[in-house]
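Novice: If it helps, the file is called data-v5.txt and holds compact mmCIF, N, CA and C atoms:
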# COMPACT_ATOMS: atom_id res chain seq x y z
N MET F 1 2.89 8.70 3.87
CA MET F 1 1.64 9.41 3.77
C MET F 1 0.91 9.06 2.48
N ASN F 2 1.67 8.73 1.43
CA ASN F 2 1.04 8.32 0.19
C ASN F 2 0.13 7.12 0.42
N CYS F 3 0.61 6.16 1.19
CA CYS F 3 -0.18 4.97 1.51
C CYS F 3 -1.45 5.37 2.26
N TYR F 4 -1.33 6.23 3.24
CA TYR F 4 -2.48 6.66 4.04
C TYR F 4 -3.55 7.28 3.16
N TYR F 5 -3.16 8.25 2.32
CA TYR F 5 -4.15 8.94 1.49
C TYR F 5 -4.70 8.04 0.39
N SER F 6 -3.88 7.21 -0.19
CA SER F 6 -4.35 6.29 -1.22
C SER F 6 -5.39 5.33 -0.64
N ASN F 7 -5.10 4.77 0.51
CA ASN F 7 -6.05 3.85 1.14
C ASN F 7 -7.29 4.58 1.61
N LEU F 8 -7.14 5.82 2.07
CA LEU F 8 -8.29 6.61 2.52
C LEU F 8 -9.26 6.85 1.36
N ILE F 9 -8.73 7.13 0.17
CA ILE F 9 -9.56 7.33 -1.01
C ILE F 9 -10.39 6.08 -1.28
N GLU F 10 -9.82 4.92 -1.01
CA GLU F 10 -10.51 3.66 -1.23
C GLU F 10 -11.44 3.29 -0.07
N GLY F 11 -11.52 4.17 0.92
CA GLY F 11 -12.39 3.92 2.05
C GLY F 11 -11.76 3.08 3.14
N HIS F 12 -10.44 2.92 3.07
CA HIS F 12 -9.72 2.13 4.06
C HIS F 12 -8.95 3.08 4.98
N ASP F 13 -9.59 3.48 6.05
CA ASP F 13 -9.04 4.49 6.95
C ASP F 13 -8.10 3.86 7.97
N THR F 14 -6.83 3.84 7.64
CA THR F 14 -5.80 3.31 8.53
C THR F 14 -4.96 4.48 9.01
N HIS F 15 -5.05 4.81 10.27
CA HIS F 15 -4.33 5.96 10.81
C HIS F 15 -2.82 5.75 10.63
N PRO F 16 -2.09 6.82 10.32
CA PRO F 16 -0.64 6.70 10.13
C PRO F 16 0.09 6.01 11.28
N ILE F 17 -0.39 6.15 12.49
CA ILE F 17 0.25 5.48 13.62
C ILE F 17 0.16 3.96 13.45
N TYR F 18 -1.01 3.48 12.98
CA TYR F 18 -1.17 2.04 12.77
C TYR F 18 -0.33 1.55 11.60
N ILE F 19 -0.14 2.41 10.60
CA ILE F 19 0.73 2.05 9.47
C ILE F 19 2.17 1.93 9.97
N GLU F 20 2.60 2.89 10.76
CA GLU F 20 3.96 2.86 11.31
C GLU F 20 4.18 1.62 12.16
N ARG F 21 3.19 1.27 12.95
CA ARG F 21 3.29 0.06 13.79
C ARG F 21 3.38 -1.19 12.93
N ALA F 22 2.61 -1.23 11.85
CA ALA F 22 2.64 -2.39 10.95
C ALA F 22 4.03 -2.57 10.35
N LEU F 23 4.68 -1.47 10.03
CA LEU F 23 6.02 -1.55 9.47
C LEU F 23 7.02 -2.15 10.46
N LYS F 24 6.64 -2.13 11.74
CA LYS F 24 7.48 -2.73 12.80
C LYS F 24 6.89 -4.07 13.25
N ASN F 25 5.96 -4.61 12.44
CA ASN F 25 5.29 -5.88 12.74
C ASN F 25 4.54 -5.85 14.07
N ASP F 26 4.03 -4.69 14.42
CA ASP F 26 3.23 -4.51 15.63
C ASP F 26 1.78 -4.30 15.19
N TYR F 27 1.02 -5.40 15.17
CA TYR F 27 -0.34 -5.37 14.64
C TYR F 27 -1.38 -5.25 15.73
N SER F 28 -2.49 -4.62 15.38
CA SER F 28 -3.62 -4.46 16.29
C SER F 28 -4.26 -5.81 16.58
N GLN F 29 -4.86 -5.93 17.75
CA GLN F 29 -5.62 -7.12 18.10
C GLN F 29 -6.99 -7.11 17.41
N ASP F 30 -7.44 -5.91 17.02
CA ASP F 30 -8.70 -5.76 16.30
C ASP F 30 -8.48 -6.29 14.87
N ILE F 31 -9.23 -7.30 14.48
CA ILE F 31 -9.04 -7.97 13.19
C ILE F 31 -9.17 -7.00 12.03
N ARG F 32 -10.15 -6.12 12.07
CA ARG F 32 -10.34 -5.15 10.96
C ARG F 32 -9.14 -4.23 10.85
N LYS F 33 -8.67 -3.69 11.97
CA LYS F 33 -7.51 -2.80 11.94
C LYS F 33 -6.26 -3.56 11.49
N ARG F 34 -6.15 -4.80 11.95
CA ARG F 34 -4.99 -5.62 11.57
C ARG F 34 -4.98 -5.85 10.05
N ASP F 35 -6.15 -6.17 9.48
CA ASP F 35 -6.24 -6.37 8.04
C ASP F 35 -5.84 -5.11 7.28
N LEU F 36 -6.26 -3.95 7.77
CA LEU F 36 -5.89 -2.69 7.13
C LEU F 36 -4.39 -2.41 7.27
N GLN F 37 -3.83 -2.81 8.40
CA GLN F 37 -2.38 -2.65 8.58
C GLN F 37 -1.61 -3.52 7.58
N ILE F 38 -2.06 -4.74 7.40
CA ILE F 38 -1.41 -5.65 6.45
C ILE F 38 -1.53 -5.09 5.04
N GLU F 39 -2.70 -4.58 4.70
CA GLU F 39 -2.90 -3.97 3.38
C GLU F 39 -1.97 -2.78 3.18
N ALA F 40 -1.86 -1.93 4.19
CA ALA F 40 -0.99 -0.76 4.09
C ALA F 40 0.47 -1.16 3.93
N LYS F 41 0.89 -2.17 4.67
CA LYS F 41 2.27 -2.65 4.57
C LYS F 41 2.54 -3.20 3.17
N ALA F 42 1.59 -3.92 2.60
CA ALA F 42 1.73 -4.44 1.24
C ALA F 42 1.79 -3.30 0.23
N HIS F 43 0.96 -2.30 0.43
CA HIS F 43 0.95 -1.13 -0.45
C HIS F 43 2.34 -0.48 -0.48
N ILE F 44 2.92 -0.31 0.68
CA ILE F 44 4.25 0.32 0.79
C ILE F 44 5.31 -0.56 0.13
N ALA F 45 5.21 -1.87 0.32
CA ALA F 45 6.19 -2.78 -0.29
C ALA F 45 6.12 -2.72 -1.81
N VAL F 46 4.93 -2.69 -2.37
CA VAL F 46 4.78 -2.62 -3.82
C VAL F 46 5.29 -1.28 -4.34
N GLN F 47 4.94 -0.19 -3.64
CA GLN F 47 5.41 1.12 -4.09
C GLN F 47 6.93 1.21 -4.03
N THR F 48 7.53 0.64 -3.01
CA THR F 48 8.99 0.61 -2.90
C THR F 48 9.60 -0.17 -4.05
N TRP F 49 8.99 -1.29 -4.39
CA TRP F 49 9.46 -2.11 -5.52
C TRP F 49 9.38 -1.33 -6.82
N ILE F 50 8.26 -0.63 -7.04
CA ILE F 50 8.11 0.18 -8.25
C ILE F 50 9.15 1.29 -8.28
N ASP F 51 9.30 2.01 -7.17
CA ASP F 51 10.24 3.12 -7.10
C ASP F 51 11.68 2.68 -7.31
N SER F 52 11.99 1.44 -6.98
CA SER F 52 13.36 0.94 -7.13
C SER F 52 13.60 0.32 -8.51
N GLY F 53 12.64 0.48 -9.42
CA GLY F 53 12.83 0.01 -10.78
C GLY F 53 12.21 -1.34 -11.08
N GLY F 54 11.32 -1.79 -10.23
CA GLY F 54 10.71 -3.10 -10.42
C GLY F 54 9.94 -3.26 -11.72
N LEU F 55 9.50 -2.16 -12.30
CA LEU F 55 8.76 -2.24 -13.56
C LEU F 55 9.65 -1.97 -14.77
N LYS F 56 10.90 -1.72 -14.52
CA LYS F 56 11.82 -1.38 -15.62
C LYS F 56 11.83 -2.51 -16.65
N GLY F 57 11.65 -2.11 -17.91
CA GLY F 57 11.67 -3.08 -18.99
C GLY F 57 10.37 -3.84 -19.17
N ARG F 58 9.38 -3.53 -18.37
CA ARG F 58 8.09 -4.20 -18.51
C ARG F 58 7.10 -3.26 -19.17
N ARG F 59 6.23 -3.83 -19.92
CA ARG F 59 5.23 -3.05 -20.64
C ARG F 59 3.91 -3.14 -19.89
N CYS F 60 3.25 -2.00 -19.78
CA CYS F 60 1.93 -1.96 -19.17
C CYS F 60 0.92 -2.44 -20.20
N PRO F 61 0.07 -3.41 -19.88
CA PRO F 61 -0.88 -3.91 -20.86
C PRO F 61 -1.91 -2.87 -21.28
N TYR F 62 -2.02 -1.78 -20.55
CA TYR F 62 -2.99 -0.75 -20.87
C TYR F 62 -2.36 0.42 -21.62
N ASP F 63 -1.08 0.35 -21.86
CA ASP F 63 -0.38 1.44 -22.54
C ASP F 63 -0.59 1.28 -24.04
N ARG F 64 -1.31 2.21 -24.65
CA ARG F 64 -1.65 2.14 -26.07
C ARG F 64 -0.47 2.47 -26.98
N ARG F 65 0.65 2.92 -26.41
CA ARG F 65 1.81 3.26 -27.25
C ARG F 65 2.47 2.01 -27.82
N TYR F 66 2.15 0.88 -27.25
CA TYR F 66 2.77 -0.38 -27.69
C TYR F 66 1.72 -1.24 -28.38
N PRO F 67 2.09 -1.86 -29.50
CA PRO F 67 1.10 -2.71 -30.20
C PRO F 67 0.80 -3.98 -29.43
Now that the file is in, can you turn its structure into C-alpha cells?
Specialist:
Amino acid sequence: MNCYYSNLIEGHDTHPIYIERALKNDYSQDIRKRDLQIEAKAHIAVQTWIDSGGLKGRRCPYDRRYP
C-alpha cells in the first residue's frame, strides 16, 4: 500500500490490483498502465532493498550532519 499511496501522490494512479499483478509479471496490454506497473514494481524493489539494509554504511549527500 505504501507504493500505491506514494505513486498516487505523484499523480501515478496504479490500482493495487495492477500492482499485485505486476509483482507476478502479469502486465496490462495498455501501455500507460503497463508503464505504471513497472514503476510500481521498481518502487517496491528499491524499498525492499532499503528496508533490508541497502543503505547501511552509506551517507546521504543531503544530510548536513556530515561534513
Novice: Would you compute the distance between CA of Asn25 in chain F and CA of Glu39 in chain F? Give it in Å to one decimal.
Specialist: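 Separating CA of Asn25 in chain F from CA of Glu39 in chain F is a distance of 12.6 Å.
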Novice: Using backbone DSSP assignments, extract all alpha helix (DSSP H) residues from chain F; output them as number ranges by chain.
Specialist: F: 2-9, 16-23, 31-51
Novice: What gap, in Å, lies between atom C of Gly11 in chain F and CA of Ile38 in chain F?
Specialist: 13.9 Å
Novice: Between atom N of Asp30 in chain F and CA of Asn7 in chain F, what is the spacing in Å?
Specialist: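 Spanning CA of Asn7 in chain F to atom N of Asp30 in chain F is a straight-line distance of 18.7 Å.
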Novice: Do you know which residues are at most 8 Å from range 40-52 of chain F counting only C-alpha atoms, after dropping those on the same chain fewer than 2 positions away, and could you put them as a ChimeraX atom specification?
Specialist: /F:3-4,7,14,19,22-23,36-38,54-55
